[in-house]
Structure formats: structure tokens, C-alpha cells
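Participant: coords.cif is reproduced below (mmCIF, C-alpha atoms).
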```cif
data_protein
#
loop_
_atom_site.group_PDB
_atom_site.id
_atom_site.type_symbol
_atom_site.label_atom_id
_atom_site.label_comp_id
_atom_site.auth_asym_id
_atom_site.auth_seq_id
_atom_site.Cartn_x
_atom_site.Cartn_y
_atom_site.Cartn_z
ATOM 1 C CA MET A 1 148.470 65.148 227.925
ATOM 2 C CA THR A 2 150.070 65.544 231.329
ATOM 3 C CA GLY A 3 153.353 65.145 233.103
ATOM 4 C CA GLU A 4 156.961 65.036 231.966
ATOM 5 C CA PRO A 5 158.049 64.565 228.337
ATOM 6 C CA GLY A 6 157.067 61.115 227.197
ATOM 7 C CA PRO A 7 156.085 59.190 224.077
ATOM 8 C CA ASP A 8 153.066 61.462 223.606
ATOM 9 C CA THR A 9 155.001 64.741 223.873
ATOM 10 C CA THR A 10 155.121 66.074 220.322
ATOM 11 C CA VAL A 11 156.153 69.446 218.934
ATOM 12 C CA LEU A 12 154.637 70.191 215.522
ATOM 13 C CA PHE A 13 156.109 72.968 213.368
ATOM 14 C CA VAL A 14 153.966 74.499 210.629
ATOM 15 C CA CYS A 15 154.814 76.699 207.645
ATOM 16 C CA THR A 16 153.294 77.068 204.177
ATOM 17 C CA GLY A 17 154.947 74.506 201.907
ATOM 18 C CA ASN A 18 156.783 72.395 204.507
ATOM 19 C CA THR A 19 159.771 73.111 202.294
ATOM 20 C CA TYR A 20 162.049 75.544 204.113
ATOM 21 C CA ARG A 21 161.169 76.880 207.548
ATOM 22 C CA SER A 22 159.289 74.052 209.243
ATOM 23 C CA PRO A 23 161.657 71.291 208.021
ATOM 24 C CA LEU A 24 164.577 73.374 209.284
ATOM 25 C CA ALA A 25 162.849 73.808 212.648
ATOM 26 C CA GLU A 26 161.970 70.105 212.866
ATOM 27 C CA ARG A 27 165.453 68.826 212.196
ATOM 28 C CA LEU A 28 167.265 71.535 214.163
ATOM 29 C CA LEU A 29 165.138 71.119 217.294
ATOM 30 C CA ALA A 30 165.490 67.339 217.147
ATOM 31 C CA ALA A 31 169.261 67.756 216.904
ATOM 32 C CA ARG A 32 169.419 70.267 219.758
ATOM 33 C CA LEU A 33 167.277 68.039 221.989
ATOM 34 C CA GLY A 34 169.567 65.100 221.275
ATOM 35 C CA PRO A 35 168.913 61.472 220.338
ATOM 36 C CA ASP A 36 167.830 60.450 223.844
ATOM 37 C CA SER A 37 165.092 63.070 224.184
ATOM 38 C CA PRO A 38 161.570 61.678 224.672
ATOM 39 C CA VAL A 39 160.140 64.663 222.797
ATOM 40 C CA ARG A 40 159.101 63.869 219.230
ATOM 41 C CA VAL A 41 159.392 66.598 216.613
ATOM 42 C CA SER A 42 157.500 66.812 213.316
ATOM 43 C CA SER A 43 156.409 69.378 210.746
ATOM 44 C CA ALA A 44 153.768 70.070 208.119
ATOM 45 C CA GLY A 45 152.650 72.754 205.691
ATOM 46 C CA THR A 46 149.330 74.470 205.156
ATOM 47 C CA ARG A 47 149.827 74.078 201.388
ATOM 48 C CA ALA A 48 152.347 71.260 201.251
ATOM 49 C CA ALA A 49 152.366 68.712 198.438
ATOM 50 C CA ALA A 50 152.683 65.256 199.951
ATOM 51 C CA GLY A 51 155.347 62.994 198.505
ATOM 52 C CA ASP A 52 157.911 65.626 197.528
ATOM 53 C CA ARG A 53 161.477 65.473 198.786
ATOM 54 C CA MET A 54 163.299 68.005 200.933
ATOM 55 C CA ASP A 55 164.333 71.040 198.943
ATOM 56 C CA PRO A 56 168.043 70.698 197.997
ATOM 57 C CA ALA A 57 168.855 74.153 199.391
ATOM 58 C CA THR A 58 167.248 73.259 202.718
ATOM 59 C CA ARG A 59 169.200 70.010 202.827
ATOM 60 C CA SER A 60 172.420 71.900 202.056
ATOM 61 C CA VAL A 61 171.844 74.425 204.847
ATOM 62 C CA LEU A 62 171.127 71.647 207.336
ATOM 63 C CA THR A 63 174.339 69.888 206.317
ATOM 64 C CA GLU A 64 176.295 73.103 206.910
ATOM 65 C CA LEU A 65 174.787 73.245 210.393
ATOM 66 C CA GLY A 66 175.749 69.634 211.079
ATOM 67 C CA VAL A 67 172.227 68.194 210.805
ATOM 68 C CA THR A 68 170.863 65.620 208.367
ATOM 69 C CA GLY A 69 167.851 66.010 206.111
ATOM 70 C CA THR A 70 167.715 62.295 205.291
ATOM 71 C CA GLY A 71 164.276 60.715 205.115
ATOM 72 C CA PHE A 72 162.283 63.936 205.174
ATOM 73 C CA ARG A 73 159.026 64.164 203.202
ATOM 74 C CA PRO A 74 156.779 67.254 203.140
ATOM 75 C CA ARG A 75 153.307 66.672 204.590
ATOM 76 C CA PRO A 76 150.079 68.687 204.445
ATOM 77 C CA LEU A 77 148.746 69.832 207.805
ATOM 78 C CA THR A 78 145.845 67.723 209.071
ATOM 79 C CA THR A 79 143.357 67.823 211.910
ATOM 80 C CA GLU A 80 144.859 64.664 213.380
ATOM 81 C CA MET A 81 148.342 66.222 213.537
ATOM 82 C CA VAL A 82 147.065 69.245 215.447
ATOM 83 C CA THR A 83 144.938 67.101 217.752
ATOM 84 C CA ARG A 84 147.853 64.853 218.693
ATOM 85 C CA ALA A 85 150.454 67.599 219.150
ATOM 86 C CA SER A 86 151.404 68.799 222.621
ATOM 87 C CA LEU A 87 152.605 72.070 221.112
ATOM 88 C CA VAL A 88 151.995 73.559 217.650
ATOM 89 C CA LEU A 89 154.445 76.221 216.492
ATOM 90 C CA GLY A 90 153.805 78.170 213.302
ATOM 91 C CA MET A 91 156.445 80.185 211.516
ATOM 92 C CA GLU A 92 153.958 83.052 211.144
ATOM 93 C CA GLY A 93 150.602 83.965 212.624
ATOM 94 C CA GLU A 94 148.743 82.584 209.614
ATOM 95 C CA HIS A 95 150.157 79.121 210.290
ATOM 96 C CA ARG A 96 149.118 79.232 213.944
ATOM 97 C CA GLU A 97 145.652 80.365 212.861
ATOM 98 C CA ALA A 98 145.391 77.579 210.280
ATOM 99 C CA ALA A 99 146.012 75.008 213.019
ATOM 100 C CA VAL A 100 143.392 76.614 215.253
ATOM 101 C CA ARG A 101 140.839 76.578 212.431
ATOM 102 C CA LEU A 102 141.353 72.844 212.097
ATOM 103 C CA VAL A 103 141.097 72.230 215.852
ATOM 104 C CA PRO A 104 139.632 75.221 217.745
ATOM 105 C CA LEU A 105 140.144 73.479 221.097
ATOM 106 C CA ALA A 106 143.897 73.515 220.431
ATOM 107 C CA LEU A 107 144.042 77.317 220.674
ATOM 108 C CA ARG A 108 146.054 77.318 223.903
ATOM 109 C CA ARG A 109 148.596 74.908 222.409
ATOM 110 C CA CYS A 110 149.165 76.942 219.225
ATOM 111 C CA PHE A 111 151.749 79.728 218.954
ATOM 112 C CA THR A 112 154.317 81.031 216.558
ATOM 113 C CA LEU A 113 157.805 79.745 217.315
ATOM 114 C CA ARG A 114 159.130 83.155 218.337
ATOM 115 C CA GLU A 115 156.015 83.883 220.381
ATOM 116 C CA PHE A 116 156.208 80.668 222.379
ATOM 117 C CA VAL A 117 159.901 81.005 223.199
ATOM 118 C CA ARG A 118 159.392 84.622 224.225
ATOM 119 C CA LEU A 119 156.394 83.850 226.428
ATOM 120 C CA ALA A 120 157.689 80.585 227.890
ATOM 121 C CA GLU A 121 161.018 82.127 228.873
ATOM 122 C CA GLY A 122 159.153 85.040 230.411
ATOM 123 C CA HIS A 123 157.500 83.043 233.203
ATOM 124 C CA ARG A 124 160.771 83.126 235.165
ATOM 125 C CA PRO A 125 163.674 85.581 235.356
ATOM 126 C CA GLU A 126 165.961 85.264 232.352
ATOM 127 C CA GLY A 127 168.873 82.942 233.008
ATOM 128 C CA SER A 128 167.444 81.510 236.222
ATOM 129 C CA ASP A 129 167.454 77.812 237.004
ATOM 130 C CA PRO A 130 163.926 76.412 237.455
ATOM 131 C CA GLY A 131 165.332 74.018 240.058
ATOM 132 C CA PRO A 132 163.830 70.747 241.262
ATOM 133 C CA GLY A 133 161.089 72.179 243.462
ATOM 134 C CA PRO A 134 157.318 72.376 242.960
ATOM 135 C CA GLY A 135 157.600 75.561 240.874
ATOM 136 C CA ARG A 136 159.349 73.667 238.118
ATOM 137 C CA ALA A 137 157.065 73.224 235.104
ATOM 138 C CA ASP A 138 156.212 70.097 233.195
ATOM 139 C CA VAL A 139 155.399 70.325 229.479
ATOM 140 C CA PRO A 140 151.671 71.079 229.828
ATOM 141 C CA ASP A 141 152.485 73.603 232.577
ATOM 142 C CA LEU A 142 155.018 75.288 230.319
ATOM 143 C CA VAL A 143 152.493 75.550 227.489
ATOM 144 C CA ALA A 144 149.724 76.730 229.831
ATOM 145 C CA ARG A 145 151.918 79.433 231.353
ATOM 146 C CA ALA A 146 152.897 80.700 227.913
ATOM 147 C CA ALA A 147 149.228 80.768 226.879
ATOM 148 C CA ALA A 148 148.300 82.702 230.016
ATOM 149 C CA ARG A 149 151.000 85.288 229.336
ATOM 150 C CA ARG A 150 149.781 85.779 225.773
ATOM 151 C CA GLY A 151 146.879 87.861 227.009
ATOM 152 C CA THR A 152 149.012 90.070 229.237
ATOM 153 C CA VAL A 153 152.265 90.615 227.334
ATOM 154 C CA ALA A 154 152.164 92.631 224.120
ATOM 155 C CA PRO A 155 154.334 91.451 221.202
ATOM 156 C CA PRO A 156 157.481 93.551 220.710
ATOM 157 C CA GLY A 157 156.199 94.963 217.408
ATOM 158 C CA PRO A 158 154.353 94.160 214.159
ATOM 159 C CA GLY A 159 155.757 90.988 212.616
ATOM 160 C CA ALA A 160 158.228 90.511 215.453
ATOM 161 C CA ASP A 161 156.916 87.020 216.236
ATOM 162 C CA ALA A 162 157.240 85.781 212.648
ATOM 163 C CA VAL A 163 160.051 83.915 210.891
ATOM 164 C CA PRO A 164 159.976 85.447 207.369
ATOM 165 C CA ASP A 165 159.624 83.134 204.381
ATOM 166 C CA PRO A 166 162.924 82.694 202.478
ATOM 167 C CA CYS A 167 161.173 81.202 199.423
ATOM 168 C CA GLY A 168 162.496 82.792 196.237
ATOM 169 C CA GLU A 169 165.303 84.573 198.051
ATOM 170 C CA PRO A 170 169.069 84.006 197.567
ATOM 171 C CA TYR A 171 170.784 81.159 199.385
ATOM 172 C CA ASP A 172 172.354 83.449 201.972
ATOM 173 C CA VAL A 173 168.856 84.551 203.033
ATOM 174 C CA LEU A 174 167.887 80.912 203.590
ATOM 175 C CA ARG A 175 171.091 80.384 205.545
ATOM 176 C CA ARG A 176 170.329 83.359 207.808
ATOM 177 C CA CYS A 177 166.789 82.056 208.261
ATOM 178 C CA ALA A 178 168.199 78.678 209.311
ATOM 179 C CA GLU A 179 170.581 80.331 211.765
ATOM 180 C CA ASP A 180 167.699 82.302 213.295
ATOM 181 C CA ILE A 181 165.608 79.146 213.602
ATOM 182 C CA ASP A 182 168.563 77.282 215.093
ATOM 183 C CA ALA A 183 169.026 79.959 217.760
ATOM 184 C CA LEU A 184 165.341 79.618 218.642
ATOM 185 C CA ALA A 185 165.647 75.817 218.597
ATOM 186 C CA VAL A 186 168.465 75.991 221.148
ATOM 187 C CA ARG A 187 166.297 78.112 223.460
ATOM 188 C CA LEU A 188 163.256 75.871 222.931
ATOM 189 C CA ALA A 189 165.315 72.741 223.582
ATOM 190 C CA ALA A 190 166.498 74.274 226.852
ATOM 191 C CA LEU A 191 162.906 74.960 227.891
ATOM 192 C CA LEU A 192 161.733 71.452 227.020
ATOM 193 C CA SER A 193 164.751 69.777 228.588
ATOM 194 C CA ALA A 194 164.342 71.653 231.870
ATOM 195 C CA VAL A 195 160.882 70.310 232.663
ATOM 196 C CA ARG A 196 160.195 68.261 235.755
ATOM 197 C CA ALA A 197 161.522 64.717 235.811
ATOM 198 C CA PRO A 198 159.109 61.820 236.390
ATOM 199 C CA ALA A 199 158.127 61.185 239.997
ATOM 200 C CA ALA A 200 159.449 57.960 241.468
ATOM 201 C CA ARG A 201 156.976 55.090 241.290
ATOM 202 C CA LEU A 202 156.205 53.471 244.650
#
```
Could the structure of this file be written out as C-alpha cells, please?

Facilitator:
Amino acid sequence: MTGEPGPDTTVLFVCTGNTYRSPLAERLLAARLGPDSPVRVSSAGTRAAAGDRMDPATRSVLTELGVTGTGFRPRPLTTEMVTRASLVLGMEGEHREAAVRLVPLALRRCFTLREFVRLAEGHRPEGSDPGPGPGRADVPDLVARAAARRGTVAPPGPGADAVPDPCGEPYDVLRRCAEDIDALAVRLAALLSAVRAPAARL
């Protein structure tokens, strides 16, 4: 996959049950990208039960954040999903590793959500404008640069790149989890929206 965001640019979020974290990330990123974005967003779970509906608490939190949960169905993670994704973002390291086990060649496209945002933002000074010039990344460039930084930049601490599982916790914990994911979704949307525009066709 090369070039600017297009029909084949897909971000895949992964958690365990595809019940709380990855559905939140899917719907929040899609909302922050906006309806005209060419980037497709989906999610799956390493132990999801296909055919279930969105958890009512997850739907309620999304509604509070101004986003709809309509039409969502949990899906188990598959090899095809990982193969087709431009970027795979797990909520924890185990979810990233599960995707890599399914498709080892996807290693450089698989991160945790926090890890990718941290590494992708780090390839340029914080707050700088990538500008229109040749240094401006396209989606594969952005992913490749983040992957290259992974070997040189240590994580900020144990568990720092994970989004903790709110399963079984009170509603306010789920709400805080959603707010954390939303803040990351805003940053990720900015990264994806700032990639190079298509070159003019002659």
C-alpha cells in the first residue's frame, strides 16, 4: 500500500472482546477524521464472539461523547483483517502480538495505539507543521518512520503504552477510558489528516 490515504487505507483497532476499547477507538477515530476522510476504520477482538451487539455501556459512553454506536457488531480478529490493514493498533501489547502471530510480515504495521501516536509524533518537533514539501509523510511513510523509531526510543515506562481494560469496572472507569482513547484519536486523526495530498495527474 503506497501513497496518500485512499480506499485501501485502513486502520484496524484490536482489543480482547471487541466490546469496550476497540469499538470506542473505531467510532471515535472515525468521528474525529470526519465523514469525508478516505481512511477506513474498523476493529476486532482476539477473543470476540461474532454476532453480539455493542455493549450498552459502551454505546452510552459514545453517545455522551457525541458519537453513534449504531450498526456495530463485534468481530473476531482474522488473518485477512491484519493482511488488509494499513495500520494495526492494539490496546495492549498482547493484542499487537496476536496480530503479528497471525501475519508475521505485518510486524512493522502493528503497534499499540499509545505507542504509535508517541512514535509517529516523534519524527518531527512537537507542534510543527509538516508543510507541503518533500519531507511531508504519506501514510506508509508515517508507519515506516514510527516502526524505525521503535528500535531507538524506549517506552516511557512499564505499561505506559497500554490502554487498560475497563471490563468489570464501574461506569466512570469506562468513561475515563473512553476520554483517554478520544484524546489519542484526536492526535491520530491529526497525523493521518496531515499526510501528503495526491500528486496532480498529468

Participant: Which of these residues is nearest to Val195 (chain A), using all atoms listed in the file: A:Ala25, A:Met81, A:Asp138, A:Leu89?

Facilitator: A:Asp138

Participant: On this structure, the PyMOL selection byres ((chain A and resi 55) around 10) would catch which residues? List them as a list in words, sorted by chain and number.

Facilitator: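 Those residues are Asn18, Thr19, Tyr20, Pro23, Asp52, Arg53, Met54, Pro56, Ala57, Thr58, Arg59, Ser60, Gly69, Phe72, Arg73 and Pro74 of chain A.
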
Participant: For C-alpha atoms, I'd like the residues from the last selection saved as a short mmCIF file (atom, residue, chain, number, x, y, z; two decimals), in the coordinates of the input.

Facilitator:
```
data_model
loop_
_atom_site.label_atom_id
_atom_site.label_comp_id
_atom_site.auth_asym_id
_atom_site.auth_seq_id
_atom_site.Cartn_x
_atom_site.Cartn_y
_atom_site.Cartn_z
CA ASN A 18 156.78 72.40 204.51
CA THR A 19 159.77 73.11 202.29
CA TYR A 20 162.05 75.54 204.11
CA PRO A 23 161.66 71.29 208.02
CA ASP A 52 157.91 65.63 197.53
CA ARG A 53 161.48 65.47 198.79
CA MET A 54 163.30 68.00 200.93
CA PRO A 56 168.04 70.70 198.00
CA ALA A 57 168.86 74.15 199.39
CA THR A 58 167.25 73.26 202.72
CA ARG A 59 169.20 70.01 202.83
CA SER A 60 172.42 71.90 202.06
CA GLY A 69 167.85 66.01 206.11
CA PHE A 72 162.28 63.94 205.17
CA ARG A 73 159.03 64.16 203.20
CA PRO A 74 156.78 67.25 203.14
#
```

Participant: Near Phe116 (chain A), within 9 Å and counting only C-alpha atoms, which residues show up once chain neighbours fewer than 2 positions away are dropped, as a list in words?

Facilitator: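 Everything that qualifies: Leu89, Cys110, Phe111, Thr112, Leu113, Arg114, Arg118, Leu119, Ala120, Glu121, Val143, Ala146, Ala147, Arg150, Asp161 and Leu188 of chain A.
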
Participant: What separation in Å, quoted to one decimal, exists between CA of Val103 (chain A) and CA of Thr10 (chain A)?

Facilitator: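 So the answer is 16.0 Å.
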
Participant: In Å, rounded to a single decimal, give me how far CA of Ser86 (chain A) is from CA of Leu142 (chain A).

Facilitator: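 Separation of CA of Leu142 (chain A) and CA of Ser86 (chain A): 10.7 Å.
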
Participant: Taking (141.3, 75.6, 220.9) in the file's coordinates, which residues come within 12 Å, counting all atoms listed in the file, written as a list in words?

Facilitator: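 Protein, DNA and RNA residues close to (141.3, 75.6, 220.9): Val82, Thr83, Leu87, Val88, Arg96, Glu97, Ala98, Ala99, Val100, Arg101, Leu102, Val103, Pro104, Leu105, Ala106, Leu107, Arg108, Arg109, Cys110, Phe111 and Ala147 of chain A.
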
Participant: Could you tell me which residues the PyMOL selection byres ((chain A and resi 180-182) around 8) grabs in this file, written as a list in words?

Facilitator: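 For this structure, the PyMOL selection byres ((chain A and resi 180-182) around 8) resolves to Arg21, Leu24, Ala25, Leu28, Leu29, Val163, Arg176, Cys177, Ala178, Glu179, Ala183, Leu184, Ala185 and Val186 of chain A.
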
Participant: For the structure shown, which residues end up in the PyMOL selection byres ((chain A and resi 37) around 12)? Put them as a list in words, please?

Facilitator: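 For this structure, the PyMOL selection byres ((chain A and resi 37) around 12) resolves to Glu4, Pro5, Gly6, Pro7, Thr9, Thr10, Leu29, Ala30, Ala31, Arg32, Leu33, Gly34, Pro35, Asp36, Pro38, Val39, Arg40, Val41, Ala189, Ala190, Leu192, Ser193, Ala194 and Val195 of chain A.
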
Participant: CA of Pro76 (chain A) and CA of Arg47 (chain A), how far apart in Å?

Facilitator: 6.2 Å

Participant: Could you tell me which of A:His95, A:Leu191, A:Val173, A:Pro158 comes closest to Asp141 (chain A) if we count all atoms listed in the file?

Facilitator: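 Ranking A:His95, A:Leu191, A:Val173, A:Pro158 by distance to Asp141 (chain A), first place goes to A:Leu191.
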